[in-house]
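Structure data (mmCIF, C-alpha atoms) from data-v2.cif:
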data_entry
loop_
_atom_site.group_PDB
_atom_site.id
_atom_site.type_symbol
_atom_site.label_atom_id
_atom_site.label_comp_id
_atom_site.auth_asym_id
_atom_site.auth_seq_id
_atom_site.Cartn_x
_atom_site.Cartn_y
_atom_site.Cartn_z
ATOM 1 C CA MET A 1 -5.358 2.670 -42.150
ATOM 2 C CA LYS A 2 -8.520 1.941 -40.192
ATOM 3 C CA TYR A 3 -7.694 4.500 -37.512
ATOM 4 C CA THR A 4 -6.956 8.075 -38.512
ATOM 5 C CA TYR A 5 -6.853 11.299 -36.552
ATOM 6 C CA THR A 6 -8.166 14.810 -37.019
ATOM 7 C CA ASP A 7 -6.685 16.319 -33.858
ATOM 8 C CA LYS A 8 -3.646 16.151 -31.608
ATOM 9 C CA LYS A 9 -3.771 16.549 -27.839
ATOM 10 C CA ASP A 10 -1.667 15.585 -24.866
ATOM 11 C CA THR A 11 -2.822 12.655 -22.770
ATOM 12 C CA ARG A 12 -2.460 14.723 -19.577
ATOM 13 C CA SER A 13 -5.280 16.923 -20.902
ATOM 14 C CA GLY A 14 -7.405 13.791 -21.189
ATOM 15 C CA PHE A 15 -6.774 13.208 -17.501
ATOM 16 C CA GLY A 16 -7.735 16.805 -16.744
ATOM 17 C CA ALA A 17 -10.975 16.456 -18.713
ATOM 18 C CA GLY A 18 -11.866 13.229 -16.926
ATOM 19 C CA LEU A 19 -11.114 14.717 -13.534
ATOM 20 C CA ALA A 20 -13.257 17.764 -14.335
ATOM 21 C CA GLU A 21 -16.161 15.488 -15.274
ATOM 22 C CA LEU A 22 -15.752 13.631 -11.991
ATOM 23 C CA ALA A 23 -16.057 16.955 -10.152
ATOM 24 C CA ASP A 24 -19.630 17.088 -11.465
ATOM 25 C CA THR A 25 -20.587 13.436 -11.288
ATOM 26 C CA ASN A 26 -18.912 11.984 -8.184
ATOM 27 C CA PRO A 27 -18.912 14.038 -4.968
ATOM 28 C CA ASN A 28 -16.518 11.594 -3.307
ATOM 29 C CA VAL A 29 -13.700 12.348 -5.743
ATOM 30 C CA VAL A 30 -11.022 14.631 -4.332
ATOM 31 C CA ALA A 31 -7.770 15.780 -5.913
ATOM 32 C CA LEU A 32 -4.327 16.387 -4.482
ATOM 33 C CA CYS A 33 -1.349 17.891 -6.268
ATOM 34 C CA ALA A 34 2.333 18.378 -5.502
ATOM 35 C CA ASP A 35 2.751 21.907 -6.906
ATOM 36 C CA LEU A 36 2.027 20.910 -10.529
ATOM 37 C CA ILE A 37 -1.568 22.031 -11.116
ATOM 38 C CA GLY A 38 -0.959 23.328 -14.636
ATOM 39 C CA SER A 39 1.187 20.394 -15.669
ATOM 40 C CA LEU A 40 -1.535 17.921 -14.664
ATOM 41 C CA LYS A 41 -4.371 20.049 -16.071
ATOM 42 C CA MET A 42 -6.248 20.189 -12.764
ATOM 43 C CA GLU A 43 -7.525 23.758 -13.185
ATOM 44 C CA LYS A 44 -11.065 22.841 -14.251
ATOM 45 C CA PHE A 45 -11.510 20.481 -11.313
ATOM 46 C CA ILE A 46 -10.435 23.278 -8.968
ATOM 47 C CA GLU A 47 -12.884 25.701 -10.617
ATOM 48 C CA LYS A 48 -15.739 23.259 -10.156
ATOM 49 C CA ALA A 49 -14.881 21.830 -6.727
ATOM 50 C CA PRO A 50 -12.337 24.026 -4.921
ATOM 51 C CA GLU A 51 -13.318 22.558 -1.562
ATOM 52 C CA ARG A 52 -12.268 19.125 -2.793
ATOM 53 C CA PHE A 53 -8.778 20.114 -3.906
ATOM 54 C CA PHE A 54 -5.620 20.017 -1.783
ATOM 55 C CA GLN A 55 -2.399 21.720 -2.839
ATOM 56 C CA VAL A 56 0.270 19.792 -0.978
ATOM 57 C CA GLY A 57 3.336 21.524 -2.398
ATOM 58 C CA ILE A 58 6.626 19.798 -3.051
ATOM 59 C CA ALA A 59 5.904 17.090 -0.491
ATOM 60 C CA GLU A 60 5.017 14.003 -2.488
ATOM 61 C CA ALA A 61 5.458 11.553 0.386
ATOM 62 C CA ASN A 62 3.038 13.562 2.506
ATOM 63 C CA MET A 63 0.597 13.666 -0.403
ATOM 64 C CA MET A 64 0.475 9.867 -0.613
ATOM 65 C CA GLY A 65 -0.115 9.600 3.126
ATOM 66 C CA MET A 66 -2.876 12.201 2.971
ATOM 67 C CA ALA A 67 -4.487 10.408 0.038
ATOM 68 C CA ALA A 68 -4.467 7.128 1.944
ATOM 69 C CA GLY A 69 -6.072 8.815 4.943
ATOM 70 C CA LEU A 70 -8.807 10.403 2.855
ATOM 71 C CA THR A 71 -10.007 6.991 1.729
ATOM 72 C CA ILE A 72 -10.930 6.014 5.279
ATOM 73 C CA ASN A 73 -14.056 8.182 5.157
ATOM 74 C CA GLY A 74 -15.029 7.082 1.673
ATOM 75 C CA LYS A 75 -13.244 9.674 -0.438
ATOM 76 C CA ILE A 76 -11.674 8.733 -3.782
ATOM 77 C CA PRO A 77 -8.424 10.678 -3.993
ATOM 78 C CA PHE A 78 -6.494 11.341 -7.201
ATOM 79 C CA ALA A 79 -2.934 12.211 -6.188
ATOM 80 C CA GLY A 80 -1.136 13.912 -9.062
ATOM 81 C CA THR A 81 2.501 14.651 -9.873
ATOM 82 C CA PHE A 82 5.167 13.716 -12.419
ATOM 83 C CA ALA A 83 5.555 9.963 -12.866
ATOM 84 C CA ASN A 84 9.145 10.078 -11.615
ATOM 85 C CA PHE A 85 8.083 11.709 -8.352
ATOM 86 C CA ALA A 86 4.945 9.565 -8.123
ATOM 87 C CA THR A 87 6.988 6.363 -7.935
ATOM 88 C CA SER A 88 10.699 6.539 -7.131
ATOM 89 C CA ARG A 89 10.430 9.352 -4.615
ATOM 90 C CA VAL A 90 7.523 7.895 -2.661
ATOM 91 C CA TYR A 91 7.703 4.138 -3.186
ATOM 92 C CA ASP A 92 7.786 3.380 0.530
ATOM 93 C CA GLN A 93 4.628 5.405 1.175
ATOM 94 C CA ILE A 94 2.834 3.770 -1.751
ATOM 95 C CA ARG A 95 3.864 0.293 -0.679
ATOM 96 C CA GLN A 96 3.042 0.640 2.991
ATOM 97 C CA SER A 97 0.197 3.155 3.184
ATOM 98 C CA ILE A 98 -1.615 2.433 -0.095
ATOM 99 C CA ALA A 99 -0.858 -1.002 -1.603
ATOM 100 C CA TYR A 100 -0.272 -3.023 1.574
ATOM 101 C CA SER A 101 -3.263 -1.357 3.192
ATOM 102 C CA GLY A 102 -5.454 -1.756 0.101
ATOM 103 C CA LYS A 103 -6.428 1.915 0.029
ATOM 104 C CA ASN A 104 -8.602 3.253 -2.778
ATOM 105 C CA VAL A 105 -6.031 5.788 -4.011
ATOM 106 C CA LYS A 106 -5.588 6.757 -7.670
ATOM 107 C CA ILE A 107 -2.009 7.791 -8.436
ATOM 108 C CA ALA A 108 -2.101 10.190 -11.393
ATOM 109 C CA ALA A 109 1.371 10.056 -12.943
ATOM 110 C CA SER A 110 2.039 12.558 -15.703
ATOM 111 C CA HIS A 111 5.116 13.219 -17.877
ATOM 112 C CA ALA A 112 6.039 9.525 -18.063
ATOM 113 C CA GLY A 113 8.658 8.003 -20.327
ATOM 114 C CA LEU A 114 11.160 9.563 -22.737
ATOM 115 C CA THR A 115 8.610 11.895 -24.332
ATOM 116 C CA LEU A 116 8.863 14.204 -21.351
ATOM 117 C CA GLY A 117 11.629 15.415 -23.632
ATOM 118 C CA GLU A 118 13.930 18.296 -22.924
ATOM 119 C CA ASP A 119 13.825 17.971 -19.124
ATOM 120 C CA GLY A 120 16.236 15.088 -19.521
ATOM 121 C CA ALA A 121 17.132 11.830 -17.832
ATOM 122 C CA THR A 122 16.465 12.853 -14.221
ATOM 123 C CA HIS A 123 12.766 13.317 -15.032
ATOM 124 C CA GLN A 124 12.287 10.655 -17.727
ATOM 125 C CA VAL A 125 11.123 7.712 -15.684
ATOM 126 C CA LEU A 126 11.427 4.408 -17.578
ATOM 127 C CA GLU A 127 11.037 1.962 -14.713
ATOM 128 C CA ASP A 128 7.737 3.058 -13.171
ATOM 129 C CA ILE A 129 5.527 0.362 -14.721
ATOM 130 C CA GLY A 130 7.797 -2.332 -13.327
ATOM 131 C CA MET A 131 7.842 -0.747 -9.879
ATOM 132 C CA MET A 132 4.084 -0.410 -9.686
ATOM 133 C CA LYS A 133 3.041 -3.726 -11.223
ATOM 134 C CA MET A 134 5.160 -5.530 -8.616
ATOM 135 C CA LEU A 135 2.923 -4.219 -5.822
ATOM 136 C CA PRO A 136 0.170 -6.703 -4.886
ATOM 137 C CA GLY A 137 -3.287 -5.336 -5.638
ATOM 138 C CA MET A 138 -2.058 -2.396 -7.726
ATOM 139 C CA THR A 139 -3.815 -1.848 -11.050
ATOM 140 C CA VAL A 140 -1.566 -0.304 -13.728
ATOM 141 C CA ILE A 141 -3.109 1.637 -16.621
ATOM 142 C CA ASN A 142 -1.232 3.257 -19.530
ATOM 143 C CA PRO A 143 -3.690 4.760 -22.063
ATOM 144 C CA CYS A 144 -2.729 5.723 -25.607
ATOM 145 C CA ASP A 145 -4.403 9.052 -26.436
ATOM 146 C CA TYR A 146 -6.561 11.893 -25.091
ATOM 147 C CA ASN A 147 -9.888 10.084 -25.377
ATOM 148 C CA GLN A 148 -8.622 6.886 -23.824
ATOM 149 C CA THR A 149 -6.955 8.755 -20.963
ATOM 150 C CA LYS A 150 -10.209 10.531 -20.173
ATOM 151 C CA ALA A 151 -12.064 7.203 -20.233
ATOM 152 C CA ALA A 152 -9.374 5.599 -18.063
ATOM 153 C CA THR A 153 -9.706 8.369 -15.478
ATOM 154 C CA LEU A 154 -13.455 7.827 -15.229
ATOM 155 C CA ALA A 155 -12.965 4.054 -14.994
ATOM 156 C CA ALA A 156 -10.308 4.431 -12.279
ATOM 157 C CA ALA A 157 -12.755 6.364 -10.114
ATOM 158 C CA LYS A 158 -15.233 3.480 -10.299
ATOM 159 C CA HIS A 159 -12.612 0.817 -9.613
ATOM 160 C CA GLU A 160 -12.232 -0.252 -5.993
ATOM 161 C CA GLY A 161 -8.566 -0.406 -5.050
ATOM 162 C CA PRO A 162 -5.276 1.365 -5.778
ATOM 163 C CA VAL A 163 -4.615 2.425 -9.364
ATOM 164 C CA TYR A 164 -1.490 3.719 -11.075
ATOM 165 C CA LEU A 165 -2.618 5.835 -14.037
ATOM 166 C CA ARG A 166 0.260 6.743 -16.360
ATOM 167 C CA PHE A 167 0.088 9.452 -19.041
ATOM 168 C CA GLY A 168 2.307 11.928 -20.844
ATOM 169 C CA ARG A 169 3.327 15.424 -21.795
ATOM 170 C CA PRO A 170 3.581 15.571 -25.615
ATOM 171 C CA VAL A 171 0.824 16.349 -28.055
ATOM 172 C CA VAL A 172 -0.047 13.096 -29.875
ATOM 173 C CA PRO A 173 -2.738 11.974 -32.353
ATOM 174 C CA VAL A 174 -6.248 11.431 -31.017
ATOM 175 C CA PHE A 175 -7.485 8.315 -32.813
ATOM 176 C CA ILE A 176 -9.543 6.299 -30.315
ATOM 177 C CA PRO A 177 -13.273 7.105 -30.731
ATOM 178 C CA GLU A 178 -14.822 8.940 -27.804
ATOM 179 C CA ASP A 179 -17.485 6.268 -27.473
ATOM 180 C CA MET A 180 -15.116 3.264 -27.520
ATOM 181 C CA PRO A 181 -15.770 1.266 -24.324
ATOM 182 C CA PHE A 182 -12.981 1.230 -21.747
ATOM 183 C CA GLU A 183 -12.832 -1.715 -19.390
ATOM 184 C CA ILE A 184 -9.991 -2.118 -16.937
ATOM 185 C CA GLY A 185 -8.113 -5.328 -17.661
ATOM 186 C CA LYS A 186 -9.509 -5.801 -21.171
ATOM 187 C CA GLY A 187 -7.300 -5.154 -24.202
ATOM 188 C CA ILE A 188 -8.689 -3.824 -27.469
ATOM 189 C CA LEU A 189 -8.191 -5.465 -30.855
ATOM 190 C CA LEU A 190 -7.604 -2.462 -33.106
ATOM 191 C CA GLN A 191 -6.687 -4.281 -36.305
ATOM 192 C CA GLU A 192 -6.844 -7.889 -37.413
ATOM 193 C CA GLY A 193 -3.878 -9.527 -39.131
ATOM 194 C CA THR A 194 -2.403 -12.909 -39.935
ATOM 195 C CA ASP A 195 1.406 -12.681 -39.910
ATOM 196 C CA VAL A 196 2.435 -11.113 -36.602
ATOM 197 C CA THR A 197 0.839 -9.844 -33.390
ATOM 198 C CA ILE A 198 1.896 -6.391 -32.193
ATOM 199 C CA VAL A 199 0.924 -5.697 -28.589
ATOM 200 C CA ALA A 200 1.404 -2.034 -27.738
ATOM 201 C CA THR A 201 0.682 0.375 -24.908
ATOM 202 C CA GLY A 202 0.637 4.144 -24.446
ATOM 203 C CA HIS A 203 2.214 6.288 -27.160
ATOM 204 C CA LEU A 204 3.483 3.173 -28.947
ATOM 205 C CA VAL A 205 -0.048 2.189 -29.991
ATOM 206 C CA TRP A 206 -0.149 4.913 -32.641
ATOM 207 C CA GLU A 207 3.435 4.158 -33.685
ATOM 208 C CA SER A 208 2.451 0.507 -34.107
ATOM 209 C CA LEU A 209 -0.502 1.438 -36.301
ATOM 210 C CA LEU A 210 1.831 3.510 -38.490
ATOM 211 C CA ALA A 211 4.240 0.581 -38.678
ATOM 212 C CA ALA A 212 1.471 -1.848 -39.590
ATOM 213 C CA ASP A 213 0.313 0.434 -42.378
ATOM 214 C CA ALA A 214 3.834 0.512 -43.848
ATOM 215 C CA LEU A 215 4.304 -3.241 -43.422
ATOM 216 C CA GLU A 216 1.012 -3.991 -45.151
ATOM 217 C CA LYS A 217 2.422 -2.394 -48.301
ATOM 218 C CA GLU A 218 5.215 -4.977 -48.163
ATOM 219 C CA GLY A 219 2.781 -7.843 -47.798
ATOM 220 C CA ILE A 220 3.103 -8.318 -44.036
ATOM 221 C CA SER A 221 -0.205 -8.453 -42.165
ATOM 222 C CA CYS A 222 -0.090 -7.187 -38.566
ATOM 223 C CA GLU A 223 -2.637 -7.725 -35.821
ATOM 224 C CA ILE A 224 -2.622 -4.766 -33.409
ATOM 225 C CA ILE A 225 -3.717 -5.071 -29.782
ATOM 226 C CA ASN A 226 -3.959 -2.034 -27.521
ATOM 227 C CA ILE A 227 -3.075 -3.113 -23.994
ATOM 228 C CA HIS A 228 -4.068 -0.081 -21.948
ATOM 229 C CA THR A 229 -4.125 -2.093 -18.709
ATOM 230 C CA ILE A 230 -0.776 -3.694 -18.007
ATOM 231 C CA LYS A 231 -1.971 -5.160 -14.728
ATOM 232 C CA PRO A 232 -4.197 -7.104 -14.721
ATOM 233 C CA LEU A 233 -3.035 -8.229 -18.147
ATOM 234 C CA ASP A 234 -5.628 -9.421 -20.643
ATOM 235 C CA GLU A 235 -4.031 -12.786 -21.323
ATOM 236 C CA GLU A 236 -6.859 -14.206 -23.398
ATOM 237 C CA ILE A 237 -6.811 -11.554 -26.127
ATOM 238 C CA ILE A 238 -3.061 -12.066 -26.573
ATOM 239 C CA LEU A 239 -3.275 -15.862 -26.551
ATOM 240 C CA LYS A 240 -6.072 -15.844 -29.104
ATOM 241 C CA SER A 241 -3.971 -13.680 -31.405
ATOM 242 C CA VAL A 242 -0.724 -15.660 -31.162
ATOM 243 C CA GLU A 243 -2.608 -18.885 -31.799
ATOM 244 C CA LYS A 244 -3.179 -17.404 -35.240
ATOM 245 C CA THR A 245 0.103 -15.549 -35.894
ATOM 246 C CA CYS A 246 2.578 -17.645 -33.839
ATOM 247 C CA LYS A 247 4.843 -14.639 -33.194
ATOM 248 C CA ILE A 248 4.664 -11.373 -31.282
ATOM 249 C CA VAL A 249 6.243 -7.939 -30.952
ATOM 250 C CA THR A 250 5.633 -5.859 -27.829
ATOM 251 C CA ALA A 251 6.016 -2.064 -27.966
ATOM 252 C CA GLU A 252 6.223 0.373 -25.062
ATOM 253 C CA GLU A 253 7.762 3.631 -23.872
ATOM 254 C CA HIS A 254 9.513 1.989 -20.935
ATOM 255 C CA ASN A 255 12.585 -0.037 -20.080
ATOM 256 C CA TYR A 256 12.202 -3.551 -21.514
ATOM 257 C CA LEU A 257 13.085 -4.769 -18.006
ATOM 258 C CA GLY A 258 9.899 -4.840 -15.978
ATOM 259 C CA GLY A 259 7.513 -3.447 -18.548
ATOM 260 C CA LEU A 260 4.672 -4.714 -20.709
ATOM 261 C CA GLY A 261 7.007 -6.916 -22.735
ATOM 262 C CA GLU A 262 8.185 -8.858 -19.710
ATOM 263 C CA SER A 263 4.604 -9.319 -18.515
ATOM 264 C CA VAL A 264 3.653 -10.719 -21.904
ATOM 265 C CA ALA A 265 6.777 -12.905 -22.095
ATOM 266 C CA GLY A 266 6.154 -14.356 -18.652
ATOM 267 C CA MET A 267 2.563 -15.162 -19.507
ATOM 268 C CA LEU A 268 3.521 -16.766 -22.810
ATOM 269 C CA ALA A 269 6.272 -18.802 -21.167
ATOM 270 C CA ARG A 270 3.661 -20.291 -18.856
ATOM 271 C CA ARG A 271 0.844 -20.763 -21.338
ATOM 272 C CA ARG A 272 2.143 -20.776 -24.926
ATOM 273 C CA PRO A 273 5.850 -20.197 -25.681
ATOM 274 C CA THR A 274 6.032 -17.828 -28.647
ATOM 275 C CA PRO A 275 8.895 -16.009 -30.440
ATOM 276 C CA GLN A 276 8.893 -12.424 -29.186
ATOM 277 C CA GLU A 277 10.745 -9.190 -29.868
ATOM 278 C CA PHE A 278 10.769 -6.157 -27.548
ATOM 279 C CA VAL A 279 10.442 -2.580 -28.782
ATOM 280 C CA ALA A 280 11.443 -0.694 -25.653
ATOM 281 C CA VAL A 281 14.323 1.219 -24.100
ATOM 282 C CA HIS A 282 17.158 -1.231 -23.493
ATOM 283 C CA ASP A 283 18.525 -0.813 -19.967
ATOM 284 C CA THR A 284 19.622 2.815 -20.150
ATOM 285 C CA PHE A 285 18.613 6.259 -18.970
ATOM 286 C CA GLY A 286 17.427 8.892 -21.429
ATOM 287 C CA GLU A 287 18.794 12.334 -22.218
ATOM 288 C CA SER A 288 17.589 15.773 -23.208
ATOM 289 C CA GLY A 289 15.940 16.108 -26.620
ATOM 290 C CA THR A 290 12.631 16.477 -28.381
ATOM 291 C CA PRO A 291 10.184 13.585 -28.062
ATOM 292 C CA ALA A 292 10.625 12.629 -31.729
ATOM 293 C CA GLU A 293 14.420 12.712 -31.494
ATOM 294 C CA LEU A 294 14.427 10.560 -28.374
ATOM 295 C CA MET A 295 11.959 8.022 -29.706
ATOM 296 C CA LYS A 296 14.091 7.572 -32.804
ATOM 297 C CA LYS A 297 17.422 7.367 -30.952
ATOM 298 C CA TYR A 298 16.163 4.894 -28.361
ATOM 299 C CA LYS A 299 14.273 2.874 -30.993
ATOM 300 C CA ILE A 300 10.697 3.204 -29.769
ATOM 301 C CA ASP A 301 9.083 4.771 -32.850
ATOM 302 C CA SER A 302 7.269 3.284 -35.841
ATOM 303 C CA ASP A 303 10.559 2.573 -37.612
ATOM 304 C CA ALA A 304 11.652 0.505 -34.606
ATOM 305 C CA VAL A 305 8.437 -1.512 -34.748
ATOM 306 C CA ILE A 306 9.008 -2.184 -38.435
ATOM 307 C CA GLU A 307 12.587 -3.226 -37.709
ATOM 308 C CA ALA A 308 11.456 -5.541 -34.935
ATOM 309 C CA VAL A 309 8.980 -7.265 -37.193
ATOM 310 C CA LYS A 310 11.351 -7.599 -40.155
ATOM 311 C CA THR A 311 14.860 -8.106 -38.807
ATOM 312 C CA ARG A 312 15.302 -8.004 -35.038
ATOM 313 C CA ALA A 313 13.088 -10.920 -34.127
ATOM 314 C CA PRO A 314 14.353 -14.547 -34.224
ATOM 315 C CA GLY A 315 15.139 -15.286 -37.864
ATOM 316 C CA VAL A 316 15.159 -12.578 -40.519
ATOM 317 C CA GLY A 317 12.270 -10.826 -42.204
ATOM 318 C CA LYS A 318 9.744 -13.012 -43.983
ATOM 319 C CA ALA A 319 11.654 -16.147 -43.013
ATOM 320 C CA TRP A 320 10.776 -15.404 -39.391
ATOM 321 C CA LEU A 321 7.225 -14.515 -40.285
ATOM 322 C CA LEU A 322 6.729 -17.768 -42.167
ATOM 323 C CA SER A 323 8.628 -20.071 -39.809
ATOM 324 C CA CYS A 324 5.824 -20.412 -37.286
ATOM 325 C CA ARG A 325 3.298 -21.472 -39.884
ATOM 326 C CA TYR A 326 4.489 -25.034 -39.345
ATOM 327 C CA ARG A 327 4.466 -25.074 -35.574
ATOM 328 C CA SER A 328 2.116 -27.553 -33.962
#
Now, as a test, write the supplied structure out as structure tokens.
Amino acid sequence: MKYTYTDKKDTRSGFGAGLAELADTNPNVVALCADLIGSLKMEKFIEKAPERFFQVGIAEANMMGMAAGLTINGKIPFAGTFANFATSRVYDQIRQSIAYSGKNVKIAASHAGLTLGEDGATHQVLEDIGMMKMLPGMTVINPCDYNQTKAATLAAAKHEGPVYLRFGRPVVPVFIPEDMPFEIGKGILLQEGTDVTIVATGHLVWESLLAADALEKEGISCEIINIHTIKPLDEEIILKSVEKTCKIVTAEEHNYLGGLGESVAGMLARRRPTPQEFVAVHDTFGESGTPAELMKKYKIDSDAVIEAVKTRAPGVGKAWLLSCRYRS
């Protein structure tokens, strides 16, 4: 495998590291939190810039309104809480006060997806990407590891306009080089291949790399694209890949309704119809369990990616892989 790892860290710690760096480098950055300082790893920012931190308490709607107001005088607020509370609980405030008004607010949404784990279905938000990408002007970012989350946090501060930055709780492999450029709206080709395109986001990027490594041993060559920015979607990198492979699998820790897969499918329907399979949660809530148990049960791990490539896509196995060779 081209990408290997020597460490494991949670992506929320990448956000904390990026925010701490911004405390030193950008005096306009301020941080707000809804009683979850430790969970969002905001301690170092508070140590460095206590006068620029606001503890709002369990009042997420108020936090979004405060963040919107802070932008009026040129501040760049990062408003942090769990992804479930950062979307469903405060959607009206985000829509009206931030998105509709075009405010330069960065919504820092931790503990997203099933891998929140044992806290169970009430906290495992699987619809947040869909909710946020529907808002005009909202940028949606879902990085894959510690290094990329840190880079995404720094990039979000430079970006003018509202940003939804999604990251997670579990410890996962760190495999993206620290010096790999991060550009909002530009996907990253991690591995070239000829038989199938796998477009992945968040924790499913590593799972897709594991799947591709296993599939290579069976003679199936996978091209892997890391889509860290779901909106705006990098259409050109995907189109260039499917021109070569003629088939695609999308992989995400989200409901297949409204997520990355639907964005890709809609784009392909308009520009180049292509056989596609979705590795995602299929229209259900989660439950309590360890991240690994939940990813396996809800079919969003490396085994699910392998299954999607070999048997769940239109046609079966190599027959599906070879069928598009003869498309015009």
Nearest to A:Thr290, chosen from A:Lys231, A:Lys244, A:Arg169, A:His203, with all atoms listed in the file counted in the distances: A:Arg169
Long-range neighbours of A:Gly168 as JSON, numbers by chain, 8 Å cut-off, only C-alpha atoms, 2 positions minimum in chain: {"A": [10, 11, 12, 110, 111, 112, 113, 115, 116, 166, 170]}
Target residues per the PyMOL selection byres ((chain A and resi 60) around 10), formatted as a PyMOL selection string: chain A and resi 32-35+56-59+61-66+79-82+85-87+89-90+93
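The residue that comes closest to A:Glu21, out of A:Ile141, A:Leu40, A:Ala151, A:Ile107 and on the basis of only C-alpha atoms, is A:Ala151.
Restricting the calculation to all atoms listed in the file, the smallest distance between A:Arg270 and any of A:Met134, A:Gly38, A:Glu235, A:Val305 is found for A:Glu235.
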Ref. answer, residues at most 9 Å from (-6.2, -11.5, -26.6) with all atoms listed in the file, as a ChimeraX atom specification: /A:186-189,225,234-242
Expected residue set, 8 Å radius at (-2.9, -5.2, -36.7), only C-alpha atoms, as a PyMOL selection string: chain A and resi 189-193+196-198+209+212+221-225
Straight-line distance linking atom CA of A:Ile37 with atom CA of A:Phe54, stated in Å to one decimal: 10.4 Å
Taking 6 positions as the minimum chain separation for residues in the same chain, which residues sit within 10 Å of A:Leu19 when counting all atoms listed in the file? Answer as a JSON list (two decimals) with C-alpha atoms, keeping the file's coordinate frame.
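After the write, out.json holds the following:
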[["chain", "number", "residue", "atom", "x", "y", "z"],
["A", 13, "SER", "CA", -5.28, 16.92, -20.90],
["A", 25, "THR", "CA", -20.59, 13.44, -11.29],
["A", 26, "ASN", "CA", -18.91, 11.98, -8.18],
["A", 29, "VAL", "CA", -13.70, 12.35, -5.74],
["A", 30, "VAL", "CA", -11.02, 14.63, -4.33],
["A", 31, "ALA", "CA", -7.77, 15.78, -5.91],
["A", 41, "LYS", "CA", -4.37, 20.05, -16.07],
["A", 42, "MET", "CA", -6.25, 20.19, -12.76],
["A", 43, "GLU", "CA", -7.52, 23.76, -13.18],
["A", 44, "LYS", "CA", -11.06, 22.84, -14.25],
["A", 45, "PHE", "CA", -11.51, 20.48, -11.31],
["A", 46, "ILE", "CA", -10.44, 23.28, -8.97],
["A", 78, "PHE", "CA", -6.49, 11.34, -7.20],
["A", 150, "LYS", "CA", -10.21, 10.53, -20.17],
["A", 153, "THR", "CA", -9.71, 8.37, -15.48],
["A", 154, "LEU", "CA", -13.46, 7.83, -15.23],
["A", 157, "ALA", "CA", -12.76, 6.36, -10.11]]
Selection under test: the PyMOL selection byres ((chain A and resi 164) around 8); residues as a ChimeraX atom specification: /A:106-109,132,138-141,162-163,165-166
d(atom CA of A:Phe53, atom CA of A:Glu160) in Å: 20.8 Å
For A:Val309, the nearest of the candidates A:Leu233, A:Val249, A:Leu210, A:Ile184, counting only C-alpha atoms: A:Val249
Take every atom of stretch 292-307 of chain A listed in the file, fit an axis-aligned box around them, add 4 Å per side, and give the centre and edge lengths in Å to one decimal as JSON.
{"center_x": 12.3, "center_y": 4.7, "center_z": -33.4, "size_x": 18.2, "size_y": 23.9, "size_z": 18.1}
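With distances restricted to all atoms listed in the file, A:Met295 is the closest residue to A:Gly117 from A:Met295, A:Ala304, A:Ile248, A:Ala83.
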